[in-house]
file target_6.cif (mmCIF, C-alpha atoms and all ligand atoms)
data_model
loop_
_atom_site.label_atom_id
_atom_site.label_comp_id
_atom_site.auth_asym_id
_atom_site.auth_seq_id
_atom_site.Cartn_x
_atom_site.Cartn_y
_atom_site.Cartn_z
CA MET A 31 -71.70 204.30 28.07
CA ASP A 32 -73.42 206.84 30.28
CA LYS A 33 -70.65 208.55 32.28
CA GLU A 34 -72.69 208.25 35.49
CA LEU A 35 -72.82 204.48 35.10
CA SER A 36 -69.10 203.95 34.59
CA SER A 37 -67.72 201.47 37.09
CA ILE A 38 -65.24 202.19 39.80
CA HIS A 39 -63.09 200.00 42.01
CA TYR A 40 -63.54 200.04 45.83
CA ASP A 41 -59.92 201.05 46.27
CA GLU A 42 -60.15 203.95 43.86
CA TYR A 43 -63.51 205.17 45.16
CA LEU A 44 -62.21 205.37 48.73
CA GLN A 45 -58.80 206.75 47.71
CA LEU A 46 -57.28 204.07 49.91
CA LYS A 47 -53.79 204.45 48.51
CA LYS A 48 -53.68 208.01 49.81
CA ILE A 49 -55.26 207.21 53.15
CA LEU A 50 -53.24 204.06 53.85
CA ASP A 51 -50.03 205.74 52.82
CA ALA A 52 -50.51 208.57 55.28
CA GLN A 53 -48.99 207.01 58.41
CA HIS A 54 -45.36 208.07 58.55
CA LEU A 55 -43.85 207.30 61.92
CA ARG A 56 -41.33 209.96 62.96
CA SER A 57 -39.74 207.49 65.35
CA VAL A 58 -38.94 205.22 62.39
CA GLY A 59 -37.48 208.20 60.53
CA PHE A 60 -35.18 208.80 63.51
CA ASN A 61 -34.25 205.11 63.55
CA LYS A 62 -35.84 204.61 66.98
CA PRO A 63 -39.11 202.85 66.04
CA ALA A 64 -41.79 203.28 68.71
CA HIS A 65 -44.52 200.68 68.30
CA ASP A 66 -47.39 202.85 69.64
CA GLU A 67 -46.76 205.78 67.32
CA MET A 68 -48.85 203.98 64.68
CA LEU A 69 -51.85 203.95 67.04
CA PHE A 70 -51.27 207.61 67.94
CA ILE A 71 -51.33 208.66 64.28
CA ILE A 72 -54.29 206.51 63.27
CA VAL A 73 -56.46 207.62 66.20
CA HIS A 74 -55.81 211.28 65.36
CA GLN A 75 -56.53 210.69 61.68
CA VAL A 76 -59.80 208.94 62.47
CA TYR A 77 -60.78 211.90 64.69
CA GLU A 78 -60.06 214.33 61.86
CA LEU A 79 -62.20 212.28 59.47
CA TRP A 80 -65.10 212.31 61.93
CA PHE A 81 -64.60 216.08 62.44
CA LYS A 82 -64.99 216.41 58.67
CA GLU A 83 -68.30 214.55 58.73
CA ILE A 84 -69.52 216.57 61.73
CA LEU A 85 -68.70 219.84 59.96
CA HIS A 86 -70.45 218.56 56.85
CA ASP A 87 -73.64 217.77 58.79
CA LEU A 88 -73.53 220.84 61.00
CA GLY A 89 -72.94 223.08 57.98
CA SER A 90 -76.04 221.68 56.31
CA VAL A 91 -78.16 222.32 59.42
CA MET A 92 -76.84 225.88 59.62
CA GLU A 93 -77.79 226.38 56.00
CA LEU A 94 -81.37 225.25 56.70
CA PHE A 95 -81.56 227.72 59.56
CA SER A 96 -80.04 230.60 57.60
CA GLU A 97 -83.28 231.20 55.72
CA GLY A 98 -85.65 233.88 57.04
CA THR A 99 -88.13 231.18 58.05
CA VAL A 100 -87.37 227.56 58.79
CA ILE A 101 -89.69 225.17 56.98
CA GLU A 102 -91.32 222.65 59.32
CA SER A 103 -89.94 219.63 57.43
CA HIS A 104 -86.44 221.10 57.68
CA ILE A 105 -86.62 220.85 61.45
CA GLY A 106 -87.02 217.08 61.04
CA VAL A 107 -83.95 216.97 58.80
CA ALA A 108 -81.99 219.09 61.28
CA ILE A 109 -82.97 216.73 64.12
CA SER A 110 -81.73 213.68 62.16
CA ARG A 111 -78.42 215.35 61.29
CA LEU A 112 -77.80 216.55 64.84
CA ASP A 113 -78.69 213.09 66.07
CA ARG A 114 -76.05 211.66 63.74
CA ILE A 115 -73.51 214.17 65.08
CA SER A 116 -74.25 213.04 68.65
CA LYS A 117 -73.75 209.41 67.67
CA ILE A 118 -70.38 210.28 66.11
CA GLN A 119 -69.46 212.23 69.23
CA LYS A 120 -70.14 209.14 71.35
CA ILE A 121 -67.60 207.30 69.24
CA LEU A 122 -65.16 210.18 69.69
CA VAL A 123 -65.51 209.86 73.44
CA ASP A 124 -65.13 206.07 73.31
CA GLN A 125 -62.00 206.33 71.17
CA ILE A 126 -60.19 207.74 74.16
CA ASP A 127 -60.32 204.21 75.63
CA ILE A 128 -58.23 203.09 72.67
CA ILE A 129 -55.59 205.82 72.98
CA GLU A 130 -55.38 205.02 76.69
CA THR A 131 -54.09 201.55 75.90
CA MET A 132 -50.84 203.43 75.17
CA THR A 133 -49.05 203.83 78.51
CA PRO A 134 -47.27 207.07 79.50
CA LEU A 135 -43.87 205.38 79.05
CA ASP A 136 -44.82 204.15 75.55
CA PHE A 137 -45.81 207.72 74.67
CA LEU A 138 -42.50 209.11 75.95
CA ASP A 139 -40.73 206.85 73.42
CA PHE A 140 -41.78 209.23 70.64
CA ARG A 141 -43.31 212.36 72.25
CA ASN A 142 -40.19 214.45 71.66
CA TYR A 143 -40.39 213.82 67.92
CA LEU A 144 -43.79 215.55 67.78
CA LEU A 145 -42.74 218.95 69.10
CA PRO A 146 -44.32 221.46 68.69
CA ALA A 147 -47.28 219.66 67.04
CA SER A 148 -50.40 219.71 69.20
CA GLY A 149 -54.18 219.39 69.13
CA PHE A 150 -54.07 223.19 69.22
CA GLN A 151 -53.29 222.97 65.52
CA SER A 152 -56.45 221.04 64.66
CA PHE A 153 -58.05 223.47 62.24
CA GLN A 154 -61.23 221.42 61.96
CA PHE A 155 -61.69 221.38 65.74
CA ARG A 156 -61.45 225.19 65.79
CA GLN A 157 -63.86 225.39 62.85
CA LEU A 158 -66.29 223.27 64.84
CA GLU A 159 -66.01 225.42 67.97
CA VAL A 160 -66.48 228.65 66.02
CA SER A 161 -69.36 227.24 63.96
CA LEU A 162 -71.14 226.24 67.15
CA GLY A 163 -70.71 229.75 68.56
CA LEU A 164 -67.61 229.89 70.76
CA LYS A 165 -66.55 233.53 70.65
CA ARG A 166 -62.91 234.63 70.63
CA GLU A 167 -63.37 236.80 73.72
CA ARG A 168 -64.78 233.90 75.74
CA ARG A 169 -61.86 231.59 75.04
CA ILE A 170 -59.48 230.66 77.83
CA SER A 171 -56.18 232.14 76.76
CA TYR A 172 -53.03 230.13 77.39
CA THR A 173 -50.49 232.52 75.82
CA GLN A 174 -50.47 236.16 74.71
CA CYS A 175 -51.12 235.01 71.13
CA SER A 176 -54.46 234.54 69.47
CA TYR A 177 -55.78 230.98 69.31
CA SER A 178 -55.72 231.18 65.50
CA GLY A 179 -52.07 232.30 65.30
CA VAL A 180 -50.95 228.68 64.82
CA PHE A 181 -52.67 228.48 61.42
CA SER A 182 -51.67 229.61 57.93
CA ASP A 183 -52.91 233.03 56.71
CA LYS A 184 -55.49 231.31 54.55
CA GLU A 185 -56.84 229.28 57.46
CA GLN A 186 -56.87 232.32 59.74
CA LYS A 187 -58.94 234.14 57.16
CA ILE A 188 -61.44 231.28 57.05
CA LEU A 189 -61.75 231.36 60.86
CA ASP A 190 -62.14 235.15 60.83
CA GLU A 191 -64.94 234.91 58.25
CA LEU A 192 -66.61 232.15 60.22
CA GLU A 193 -66.49 234.29 63.36
CA LYS A 194 -68.05 237.24 61.54
CA GLY A 195 -70.96 235.18 60.23
CA ASP A 196 -73.85 233.65 62.16
CA SER A 197 -72.90 230.66 64.28
CA MET A 198 -75.29 227.81 65.10
CA PHE A 199 -75.97 229.60 68.39
CA ASP A 200 -76.89 232.85 66.57
CA LEU A 201 -79.14 231.02 64.13
CA VAL A 202 -80.96 229.15 66.88
CA GLU A 203 -81.37 232.38 68.84
CA LYS A 204 -82.91 234.14 65.83
CA TRP A 205 -85.17 231.16 65.12
CA LEU A 206 -86.37 231.10 68.75
CA GLU A 207 -86.99 234.84 68.68
CA ARG A 208 -89.34 234.32 65.73
CA THR A 209 -91.43 231.72 67.63
CA PRO A 210 -95.07 232.78 67.62
CA PHE A 211 -97.54 232.07 70.46
CA LEU A 212 -95.74 234.01 73.22
CA GLN A 213 -98.64 236.41 73.01
CA PHE A 214 -101.81 234.91 71.60
CA GLU A 215 -104.76 237.28 71.67
CA ALA A 216 -105.48 237.78 75.41
CA PHE A 217 -103.10 234.99 76.44
CA ASP A 218 -99.79 236.40 77.64
CA PHE A 219 -97.46 233.45 78.23
CA VAL A 220 -95.07 235.21 80.65
CA GLU A 221 -97.92 236.62 82.78
CA GLU A 222 -99.65 233.23 83.02
CA TYR A 223 -96.38 231.47 83.75
CA LYS A 224 -95.59 234.01 86.48
CA LYS A 225 -98.90 233.19 88.23
CA SER A 226 -98.18 229.46 88.05
CA VAL A 227 -94.67 229.88 89.45
CA GLY A 228 -96.15 231.96 92.31
CA LEU A 229 -98.65 229.19 93.10
CA MET A 230 -95.97 226.52 92.91
CA LEU A 231 -93.55 228.37 95.19
CA ASN A 232 -96.33 229.12 97.73
CA ARG A 233 -97.25 225.46 97.77
CA GLU A 234 -93.60 224.51 98.36
CA GLU A 235 -93.29 227.07 101.17
CA GLN A 236 -96.46 225.77 102.84
CA ALA A 237 -95.16 222.21 102.59
CA ILE A 238 -91.95 223.22 104.37
CA GLU A 239 -93.79 225.15 107.07
CA SER A 240 -96.23 222.37 107.81
CA ALA A 241 -93.61 219.60 107.83
CA ASP A 242 -93.35 218.22 111.36
CA TYR A 243 -90.17 216.23 110.79
CA ILE A 244 -87.79 219.25 110.52
CA SER A 245 -86.78 221.83 113.12
CA THR A 246 -87.82 225.51 112.97
CA GLN A 247 -84.21 226.43 112.22
CA GLU A 248 -84.04 223.94 109.32
CA LYS A 249 -87.39 225.25 108.01
CA GLN A 250 -86.04 228.80 107.97
CA LEU A 251 -82.91 227.61 106.16
CA ARG A 252 -84.96 225.91 103.48
CA ILE A 253 -87.23 228.93 103.03
CA ASN A 254 -84.15 231.13 102.66
CA MET A 255 -82.82 228.75 100.01
CA MET A 256 -86.10 229.10 98.15
CA GLY A 257 -85.33 232.81 97.97
CA GLU A 258 -82.41 231.96 95.69
CA THR A 259 -84.70 229.99 93.38
CA LYS A 260 -87.05 233.00 93.31
CA THR A 261 -84.14 235.25 92.30
CA TYR A 262 -83.49 232.96 89.35
CA PHE A 263 -87.13 233.11 88.28
CA ASN A 264 -87.03 236.91 88.53
CA SER A 265 -84.72 237.14 85.54
CA ILE A 266 -87.41 235.55 83.43
CA PHE A 267 -90.11 237.81 84.85
CA ASP A 268 -88.11 240.94 84.23
CA GLU A 269 -86.37 241.57 80.92
CA ALA A 270 -84.13 244.27 82.44
CA ILE A 271 -82.65 241.75 84.92
CA HIS A 272 -82.06 239.29 82.09
CA ASP A 273 -80.34 241.97 79.98
CA GLN A 274 -78.13 242.95 82.91
CA LYS A 275 -77.03 239.31 83.28
CA MET A 276 -76.25 239.24 79.58
CA LYS A 277 -74.05 242.31 79.98
CA GLU A 278 -72.25 240.63 82.89
CA GLY A 279 -71.75 237.56 80.72
CA THR A 280 -73.63 235.09 82.93
CA LEU A 281 -76.36 234.67 80.28
CA LYS A 282 -75.89 234.56 76.51
CA LEU A 283 -79.28 233.77 75.02
CA SER A 284 -81.51 236.81 74.44
CA TYR A 285 -84.59 237.35 76.61
CA LYS A 286 -87.07 236.61 73.84
CA ALA A 287 -85.24 233.47 72.75
CA THR A 288 -85.10 232.25 76.35
CA ILE A 289 -88.84 232.75 76.82
CA SER A 290 -89.50 230.86 73.58
CA ALA A 291 -87.22 228.00 74.61
CA LEU A 292 -89.10 227.87 77.90
CA LEU A 293 -92.49 227.80 76.16
CA ILE A 294 -91.31 225.01 73.84
CA ASN A 295 -89.99 223.01 76.78
CA LEU A 296 -93.13 223.44 78.87
CA TYR A 297 -95.62 222.68 76.10
CA ARG A 298 -93.50 219.99 74.40
CA ASP A 299 -96.50 217.61 74.43
CA GLU A 300 -98.43 219.82 72.01
CA PRO A 301 -97.97 218.22 68.56
CA LEU A 302 -96.65 221.35 66.82
CA LEU A 303 -94.03 221.98 69.50
CA ARG A 304 -92.75 218.41 69.58
CA GLN A 305 -90.23 218.85 66.74
CA PRO A 306 -88.86 222.18 68.02
CA PHE A 307 -88.47 220.54 71.44
CA MET A 308 -86.58 217.58 69.95
CA PHE A 309 -84.35 220.00 68.06
CA LEU A 310 -83.46 221.88 71.26
CA GLN A 311 -82.78 218.55 72.95
CA LYS A 312 -80.37 217.57 70.19
CA LEU A 313 -78.44 220.83 70.63
CA VAL A 314 -78.18 220.11 74.34
CA ASP A 315 -77.00 216.54 73.57
CA MET A 316 -74.31 217.88 71.23
CA ASP A 317 -73.12 220.45 73.80
CA GLU A 318 -73.06 217.86 76.56
CA LEU A 319 -71.13 215.34 74.46
CA LEU A 320 -68.51 217.92 73.50
CA THR A 321 -68.10 218.71 77.20
CA THR A 322 -67.85 214.99 77.95
CA TRP A 323 -65.13 214.69 75.31
CA ARG A 324 -63.24 217.68 76.75
CA ASN A 325 -63.41 216.18 80.25
CA ARG A 326 -62.42 212.73 79.06
CA HIS A 327 -59.54 214.11 76.97
CA ALA A 328 -58.32 216.19 79.95
CA GLN A 329 -58.49 213.14 82.21
CA MET A 330 -56.54 211.08 79.66
CA VAL A 331 -53.94 213.86 79.41
CA LEU A 332 -53.55 213.85 83.21
CA ARG A 333 -53.02 210.10 83.14
CA THR A 334 -50.53 210.29 80.27
CA LEU A 335 -48.61 213.47 81.04
CA GLY A 336 -49.40 214.23 84.68
CA GLN A 337 -48.73 217.94 85.19
CA LYS A 338 -46.27 218.23 82.25
CA ILE A 339 -46.99 221.13 79.90
CA GLY A 340 -48.45 220.30 76.49
CA THR A 341 -46.50 220.19 73.23
CA GLY A 342 -48.57 223.22 72.16
CA GLY A 343 -47.34 225.23 75.15
CA SER A 344 -50.40 225.25 77.43
CA SER A 345 -50.44 224.14 81.07
CA GLY A 346 -51.91 220.86 79.75
CA TYR A 347 -54.42 219.25 82.12
CA ASP A 348 -55.40 222.44 83.98
CA TYR A 349 -56.06 224.34 80.76
CA LEU A 350 -58.05 221.49 79.23
CA LYS A 351 -60.12 220.96 82.40
CA THR A 352 -61.11 224.64 82.43
CA THR A 353 -62.20 224.61 78.78
CA ALA A 354 -64.67 221.80 79.56
CA ASP A 355 -66.65 224.19 81.69
CA LYS A 356 -65.97 227.55 80.06
CA HIS A 357 -66.19 226.65 76.37
CA ARG A 358 -69.77 225.40 76.51
CA VAL A 359 -71.95 227.15 73.95
CA PHE A 360 -75.53 226.16 74.74
CA TYR A 361 -75.34 226.55 78.50
CA ASP A 362 -78.54 228.64 78.57
CA LEU A 363 -80.50 225.83 76.95
CA HIS A 364 -79.37 223.43 79.69
CA ASN A 365 -80.43 226.03 82.24
CA ILE A 366 -84.03 226.10 81.02
CA SER A 367 -84.53 223.14 83.38
CA THR A 368 -84.22 225.53 86.33
CA LEU A 369 -87.33 227.30 85.09
CA LEU A 370 -89.49 224.25 84.48
CA ILE A 371 -92.58 223.71 86.60
CA PRO A 372 -94.60 220.49 87.06
CA ARG A 373 -97.19 219.75 84.39
CA SER A 374 -99.91 220.08 87.04
CA PHE A 375 -99.02 223.79 87.38
CA LEU A 376 -98.86 224.53 83.65
CA PRO A 377 -101.11 227.44 82.63
CA GLU A 378 -103.96 226.10 80.54
CA LEU A 379 -103.78 227.22 76.92
CA PRO A 380 -106.83 228.92 75.38
CA LYS A 381 -108.85 226.52 73.21
CA GLU A 382 -107.99 228.34 69.94
CA LEU A 383 -104.28 228.28 70.71
CA LYS A 384 -104.43 224.60 71.63
CA GLU A 385 -106.09 223.90 68.30
CA LYS A 386 -103.40 225.82 66.48
CA LEU A 387 -100.74 223.72 68.16
CA ASP A 388 -102.49 220.50 67.14
CA PHE A 389 -102.10 218.69 63.82
CA ASN A 390 -105.09 219.77 61.76
CA PHE A 391 -105.02 216.70 59.57
CA SER A 392 -107.51 214.57 61.60
CA LYS A 393 -109.95 217.46 62.00
CA ASP A 394 -110.14 218.07 58.24
CA LYS A 395 -111.28 214.49 57.78
CA SER A 396 -114.21 214.63 60.24
C1 LIG B 401 -51.74 210.65 74.23
C2 LIG B 401 -52.68 211.33 73.64
C3 LIG B 401 -52.87 212.81 73.80
C4 LIG B 401 -52.23 213.70 74.59
C5 LIG B 401 -51.14 213.43 75.61
C6 LIG B 401 -52.80 214.99 74.34
C7 LIG B 401 -52.41 216.16 74.97
C8 LIG B 401 -52.95 217.39 74.73
C9 LIG B 401 -52.58 218.59 75.41
C10 LIG B 401 -51.54 218.69 76.52
C11 LIG B 401 -53.32 219.60 74.91
C12 LIG B 401 -53.26 221.08 75.32
C13 LIG B 401 -52.58 221.85 74.25
C14 LIG B 401 -51.10 221.75 74.32
O1 LIG B 401 -50.48 222.44 75.16
O2 LIG B 401 -50.54 221.00 73.51
C15 LIG B 401 -54.17 219.04 73.91
C16 LIG B 401 -55.09 219.76 73.19
C17 LIG B 401 -55.90 219.20 72.25
N1 LIG B 401 -55.92 217.90 71.85
FE1 LIG B 401 -54.89 216.38 72.66
N2 LIG B 401 -53.78 214.87 73.41
C18 LIG B 401 -53.85 213.55 73.04
C19 LIG B 401 -54.71 212.99 72.13
C20 LIG B 401 -55.59 213.71 71.38
C21 LIG B 401 -56.44 213.15 70.37
C22 LIG B 401 -56.54 211.66 70.00
C23 LIG B 401 -57.14 214.16 69.83
C24 LIG B 401 -58.11 214.04 68.72
C25 LIG B 401 -58.17 214.86 67.73
C26 LIG B 401 -56.72 215.39 70.49
C27 LIG B 401 -57.18 216.64 70.20
C28 LIG B 401 -56.86 217.78 70.88
C29 LIG B 401 -57.47 219.06 70.65
C30 LIG B 401 -58.57 219.38 69.64
C31 LIG B 401 -56.88 219.95 71.50
C32 LIG B 401 -57.23 221.44 71.68
C33 LIG B 401 -58.24 221.53 72.81
C34 LIG B 401 -58.63 222.95 73.19
O3 LIG B 401 -57.87 223.90 72.99
O4 LIG B 401 -59.74 223.09 73.74
N3 LIG B 401 -55.79 215.06 71.43
N4 LIG B 401 -53.94 217.70 73.82
#
call {"tool": "encode", "arguments": {"input": "target_6.cif", "output": "structure tokens"}}
result
Amino acid sequence: MDKELSSIHYDEYLQLKKILDAQHLRSVGFNKPAHDEMLFIIVHQVYELWFKEILHDLGSVMELFSEGTVIESHIGVAISRLDRISKIQKILVDQIDIIETMTPLDFLDFRNYLLPASGFQSFQFRQLEVSLGLKRERRISYTQCSYSGVFSDKEQKILDELEKGDSMFDLVEKWLERTPFLQFEAFDFVEEYKKSVGLMLNREEQAIESADYISTQEKQLRINMMGETKTYFNSIFDEAIHDQKMKEGTLKLSYKATISALLINLYRDEPLLRQPFMFLQKLVDMDELLTTWRNRHAQMVLRTLGQKIGTGGSSGYDYLKTTADKHRVFYDLHNISTLLIPRSFLPELPKELKEKLDFNFSKDKS
């Protein structure tokens, strides 16, 4: 019989013997069985399985983006895979509800048997962070040791290699930098955008000045606040300001990539930019959901441990809470929203450029 057609049993295919024989309760080993240790082990194992699937999908997207040019149809594939990752992440967040059915006292029945095991030793979680683009120097340190010091030499080497290569962030940045249309014949996107922002801000200023329901003092306050918004826009008008912010570490995405992301976001309704826009949205979804997980996990840790230190040696809640904010990777993509202007102020695209951004299929037919 053809080897490919040979039959296999459900049990064998899923390697269930291995998986279902992988829950060894330490509390039972110490002759002090703790009922909830089973839940604790299973929840962690399920997480690790989902991490495996996420890495599998993310790795495939990174591969598609590693080519010099990204084929249009590959963007669709990338969107579907990132969408799947987000759906898995939602489950990862929801699973915290399950672990929270274990009360702090139930956890204390076996917590001492786990020492010094900790989520810090989740190799796949670190692989995920590094693959997304979290750099070693941006990590919150909790001891003098490197974050990877808890892993075997072989695993440390894998993380080192991963850090040296392009992360998802790097690949997206390069892809954005290659986006055409920023300068199309006489149409200079940044110059046109600058004019529109000027018009929009003038209109807003006039609206404040002519409002008869607020005091002169309040008007001045609001106009001063608009100054801060203008400062933010200035970094997009002036590459040198943007580069300075990158040096200071407040921005990570290169100037050219930021401008491209802005163009894609503003002209998302043009057929050819729809897919790139969806792709950027999916990255933002993924980043947001990881932050949601970090926050939710930190909150659960506070509820379970209070201010106790973690089994891995960190301050516990305080450390975890800080990572939620500081370990974000695609912060600059979220921030594009600051630069968006209403559709009514959008610079009109030249006819030839608009045609280029349209699907040519219907035109060929006529
Ligand atoms: C009762 C349940 C849990 C408690 C009390 C808990 C507690 C902690 C604490 C205190 C830390 C900080 C590191 C340390 O000092 O040990 C930590 C980190 C971590 N935990 Fe949990 N955890 C729980 C459940 C989970 C689950 C279900 C997962 C899923 C895989 C998980 C994954 C992680 C990861 C990946 C880290 C590292 C986070 C980072 O460094 O950004 N934890 N956990």
call {"tool": "closest_atom_pairs", "arguments": {"input": "target_6.cif", "of": "chain A", "to": "ligand LIG 401 (chain B)", "cutoff": "7 Å", "atoms": "all atoms listed in the file", "output": "JSON lines"}}
result
{"residue": "A:Phe70", "atom": "CA", "partner": "B:LIG401", "partner_atom": "C2", "distance": 7.0}
{"residue": "A:Val73", "atom": "CA", "partner": "B:LIG401", "partner_atom": "C22", "distance": 5.5}
{"residue": "A:His74", "atom": "CA", "partner": "B:LIG401", "partner_atom": "C22", "distance": 4.7}
{"residue": "A:Tyr77", "atom": "CA", "partner": "B:LIG401", "partner_atom": "C25", "distance": 5.0}
{"residue": "A:Glu78", "atom": "CA", "partner": "B:LIG401", "partner_atom": "C25", "distance": 6.2}
{"residue": "A:Ile126", "atom": "CA", "partner": "B:LIG401", "partner_atom": "C22", "distance": 6.8}
{"residue": "A:Ile129", "atom": "CA", "partner": "B:LIG401", "partner_atom": "C2", "distance": 6.3}
{"residue": "A:Phe137", "atom": "CA", "partner": "B:LIG401", "partner_atom": "C1", "distance": 6.6}
{"residue": "A:Ser148", "atom": "CA", "partner": "B:LIG401", "partner_atom": "O2", "distance": 4.5}
{"residue": "A:Gly149", "atom": "CA", "partner": "B:LIG401", "partner_atom": "N1", "distance": 3.6}
{"residue": "A:Phe150", "atom": "CA", "partner": "B:LIG401", "partner_atom": "C32", "distance": 4.4}
{"residue": "A:Ser152", "atom": "CA", "partner": "B:LIG401", "partner_atom": "C30", "distance": 5.7}
{"residue": "A:Phe155", "atom": "CA", "partner": "B:LIG401", "partner_atom": "C30", "distance": 5.4}
{"residue": "A:His327", "atom": "CA", "partner": "B:LIG401", "partner_atom": "FE1", "distance": 6.7}
{"residue": "A:Val331", "atom": "CA", "partner": "B:LIG401", "partner_atom": "C5", "distance": 4.7}
{"residue": "A:Thr334", "atom": "CA", "partner": "B:LIG401", "partner_atom": "C5", "distance": 5.7}
{"residue": "A:Leu335", "atom": "CA", "partner": "B:LIG401", "partner_atom": "C5", "distance": 6.0}
{"residue": "A:Ile339", "atom": "CA", "partner": "B:LIG401", "partner_atom": "O1", "distance": 6.0}
{"residue": "A:Gly340", "atom": "CA", "partner": "B:LIG401", "partner_atom": "O1", "distance": 3.2}
{"residue": "A:Thr341", "atom": "CA", "partner": "B:LIG401", "partner_atom": "O2", "distance": 4.1}
{"residue": "A:Gly342", "atom": "CA", "partner": "B:LIG401", "partner_atom": "O2", "distance": 3.3}
{"residue": "A:Gly343", "atom": "CA", "partner": "B:LIG401", "partner_atom": "O1", "distance": 4.2}
{"residue": "A:Ser344", "atom": "CA", "partner": "B:LIG401", "partner_atom": "O1", "distance": 3.6}
{"residue": "A:Ser345", "atom": "CA", "partner": "B:LIG401", "partner_atom": "O1", "distance": 6.1}
{"residue": "A:Gly346", "atom": "CA", "partner": "B:LIG401", "partner_atom": "C10", "distance": 3.9}
{"residue": "A:Tyr347", "atom": "CA", "partner": "B:LIG401", "partner_atom": "C10", "distance": 6.3}
{"residue": "A:Tyr349", "atom": "CA", "partner": "B:LIG401", "partner_atom": "C12", "distance": 6.9}
{"residue": "A:Leu350", "atom": "CA", "partner": "B:LIG401", "partner_atom": "O4", "distance": 6.0}
{"residue": "A:Thr353", "atom": "CA", "partner": "B:LIG401", "partner_atom": "O4", "distance": 5.8}
call {"tool": "atom_distance", "arguments": {"input": "target_6.cif", "atom1": "CA of Ile294 (chain A)", "atom2": "CA of Trp205 (chain A)"}}
result
12.3 Å
call {"tool": "atom_distance", "arguments": {"input": "target_6.cif", "atom1": "CA of Asp299 (chain A)", "atom2": "CA of Pro377 (chain A)"}}
result
13.6 Å
call {"tool": "closest_atom_pairs", "arguments": {"input": "target_6.cif", "of": "region 121-205 of chain A", "to": "region 41-56 of chain A", "cutoff": "10 Å", "atoms": "all atoms listed in the file", "output": "tab-separated table"}}
result
residue	atom	partner	partner_atom	distance
A:Phe140	CA	A:Arg56	CA	7.7
A:Arg141	CA	A:Arg56	CA	9.8
A:Asn142	CA	A:Arg56	CA	9.9
A:Tyr143	CA	A:Arg56	CA	6.4
A:Leu144	CA	A:Arg56	CA	7.8
call {"tool": "write_last_selection", "arguments": {"input": "target_6.cif", "atoms": "C-alpha atoms", "output": "PDB file, keeping the file's coordinate frame"}}
result
ATOM      1  CA  PHE A 140     -41.780 209.230  70.640  1.00  0.00           C
ATOM      2  CA  ARG A 141     -43.310 212.360  72.250  1.00  0.00           C
ATOM      3  CA  ASN A 142     -40.190 214.450  71.660  1.00  0.00           C
ATOM      4  CA  TYR A 143     -40.390 213.820  67.920  1.00  0.00           C
ATOM      5  CA  LEU A 144     -43.790 215.550  67.780  1.00  0.00           C
TER       6      LEU A 144
END
call {"tool": "closest_atom_pairs", "arguments": {"input": "target_6.cif", "of": "region 47-134 of chain A", "to": "region 182-198 of chain A", "cutoff": "9 Å", "atoms": "all atoms listed in the file", "output": "tab-separated table"}}
result
residue	atom	partner	partner_atom	distance
A:Leu88	CA	A:Met198	CA	8.3
A:Gly89	CA	A:Met198	CA	8.9
A:Val91	CA	A:Met198	CA	8.4
A:Met92	CA	A:Met198	CA	6.0
A:Phe95	CA	A:Met198	CA	8.4
A:Ser96	CA	A:Asp196	CA	8.3
call {"tool": "closest_residue", "arguments": {"input": "target_6.cif", "among": "A:Leu122, A:Val107, A:Met132, A:Met230", "to": "Glu67 (chain A)", "atoms": "all atoms listed in the file"}}
result
A:Met132
call {"tool": "atom_distance", "arguments": {"input": "target_6.cif", "atom1": "CA of Phe309 (chain A)", "atom2": "CA of Ala108 (chain A)"}}
result
7.2 Å
call {"tool": "residues_around", "arguments": {"input": "target_6.cif", "residues": "Arg298 (chain A)", "least_positions_apart": "4", "cutoff": "12 Å", "atoms": "only C-alpha atoms", "output": "list of chain:residue names"}}
result
A:Ser290, A:Ala291, A:Leu292, A:Leu293, A:Ile294, A:Leu302, A:Leu303, A:Arg304, A:Gln305, A:Pro306, A:Phe307, A:Met308, A:Phe309, A:Leu310, A:Gln311, A:Leu370, A:Arg373, A:Leu376, A:Leu387, A:Asp388
call {"tool": "closest_residue", "arguments": {"input": "target_6.cif", "among": "A:Thr280, A:Gln119, A:Asn232, A:Thr322", "to": "Phe375 (chain A)", "atoms": "only C-alpha atoms"}}
result
A:Asn232
call {"tool": "closest_residue", "arguments": {"input": "target_6.cif", "among": "A:Ile115, A:Leu79, A:Leu296, A:Met255", "to": "Asp315 (chain A)", "atoms": "only C-alpha atoms"}}
result
A:Ile115
call {"tool": "residues_around", "arguments": {"input": "target_6.cif", "residues": "Thr368 (chain A)", "least_positions_apart": "5", "cutoff": "9 Å", "atoms": "all atoms listed in the file", "output": "VMD selection string"}}
result
chain A and resid 259 262 to 263
call {"tool": "closest_residue", "arguments": {"input": "target_6.cif", "among": "A:Tyr285, A:Tyr361, A:Phe389, A:Tyr297", "to": "Thr321 (chain A)", "atoms": "all atoms listed in the file"}}
result
A:Tyr361
call {"tool": "residues_around", "arguments": {"input": "target_6.cif", "residues": "His357 (chain A)", "least_positions_apart": "4", "cutoff": "10 Å", "atoms": "only C-alpha atoms", "output": "PyMOL selection string"}}
result
chain A and resi 159+163-165+168-170+317+320-321+324+352-353+361
call {"tool": "closest_residue", "arguments": {"input": "target_6.cif", "among": "A:Ile84, A:Met68, A:Leu138, A:Leu369", "to": "Asp113 (chain A)", "atoms": "only C-alpha atoms"}}
result
A:Ile84
call {"tool": "axis_aligned_box", "arguments": {"input": "target_6.cif", "around": "region 43-60 of chain A", "padding_each_side": "5 Å", "output": "JSON"}}
result
{"center_x": -49.3, "center_y": 207.0, "center_z": 55.3, "size_x": 38.3, "size_y": 15.9, "size_z": 30.2}
